[in-house]
Amino acid sequence: MAKKRNDKEIAREGIASEIDAINLYEQMAKETNDERVKKVLLDIAKEEKTHLGEFSSVLMREDTAQRKEIEAGRKEVKDIESADAFSKKKKKAKK
Ligand SMILES: [Fe+2]
């Protein structure tokens, strides 16, 4: 019998599955020529995004280290974007 997953692992696997589903339905929506089918697929993809949020919420509750790393990642992106915006502003000022 397979090893029983803990709640962090269940949440991570759920997140991975929801992301795959979102990508699949959005790709299918691009491929179809039928606007009604496209609309259904995009609606389903939106529902999968809600599911992603639910699993993410469980993971954030269950995995404190992960929550801290996500916050660290957000800060790093913010810093990179701020530096980029500063650099662009500086270039514009030179012109
Ligand atoms: Fe789902």
# chains A, B, ... in the order shown; residues from 1 in each chain; ligands from 1
>>> residues_near_ligand(ligand="ligand 1", cutoff="9 Å", atoms="only C-alpha atoms and all ligand atoms", output="number ranges by chain")
A: 14-15, 17-19, 21-22, 44-45, 47-52
>>> write_last_selection(atoms="C-alpha atoms", output="PDB file, in the first residue's frame")
ATOM      1  CA  GLY A  14      -3.923  19.496  -5.214  1.00  0.00           C
ATOM      2  CA  ILE A  15      -2.211  22.746  -6.254  1.00  0.00           C
ATOM      3  CA  SER A  17      -3.360  19.253 -10.287  1.00  0.00           C
ATOM      4  CA  GLU A  18      -5.343  22.497 -10.358  1.00  0.00           C
ATOM      5  CA  ILE A  19      -2.545  24.299 -12.211  1.00  0.00           C
ATOM      6  CA  ALA A  21      -6.213  21.705 -15.167  1.00  0.00           C
ATOM      7  CA  ILE A  22      -6.138  25.506 -15.619  1.00  0.00           C
ATOM      8  CA  ILE A  44     -14.297  25.784 -15.864  1.00  0.00           C
ATOM      9  CA  ALA A  45     -10.745  27.191 -15.818  1.00  0.00           C
ATOM     10  CA  GLU A  47     -13.494  27.373 -11.178  1.00  0.00           C
ATOM     11  CA  GLU A  48     -10.139  25.568 -11.120  1.00  0.00           C
ATOM     12  CA  LYS A  49      -8.529  28.845 -10.074  1.00  0.00           C
ATOM     13  CA  THR A  50     -10.886  28.910  -7.096  1.00  0.00           C
ATOM     14  CA  HIS A  51      -9.845  25.352  -6.263  1.00  0.00           C
ATOM     15  CA  LEU A  52      -6.207  26.464  -6.519  1.00  0.00           C
TER      16      LEU A  52
END
>>> residues_around(residues="Asp7 (chain A)", least_positions_apart="6", cutoff="12 Å", atoms="only C-alpha atoms", output="compact mmCIF listing (two decimals) with C-alpha atoms, in the first residue's frame")
# COMPACT_ATOMS: atom_id res chain seq x y z
CA GLU A 13 -0.56 17.75 -5.01
CA GLY A 14 -3.92 19.50 -5.21
CA PHE A 55 -5.55 24.30 -1.78
CA SER A 56 -3.19 27.27 -1.41
CA SER A 57 -5.10 28.37 1.66
CA VAL A 58 -4.75 24.89 3.19
CA LEU A 59 -1.03 24.81 2.35
CA MET A 60 -0.43 28.26 3.87
CA ARG A 61 -2.10 27.07 7.07
CA GLU A 62 -0.28 23.74 7.19
CA ASP A 63 3.22 24.77 6.04
>>> atom_distance(atom1="CA of Met28 (chain A)", atom2="CA of Leu42 (chain A)")
9.0 Å
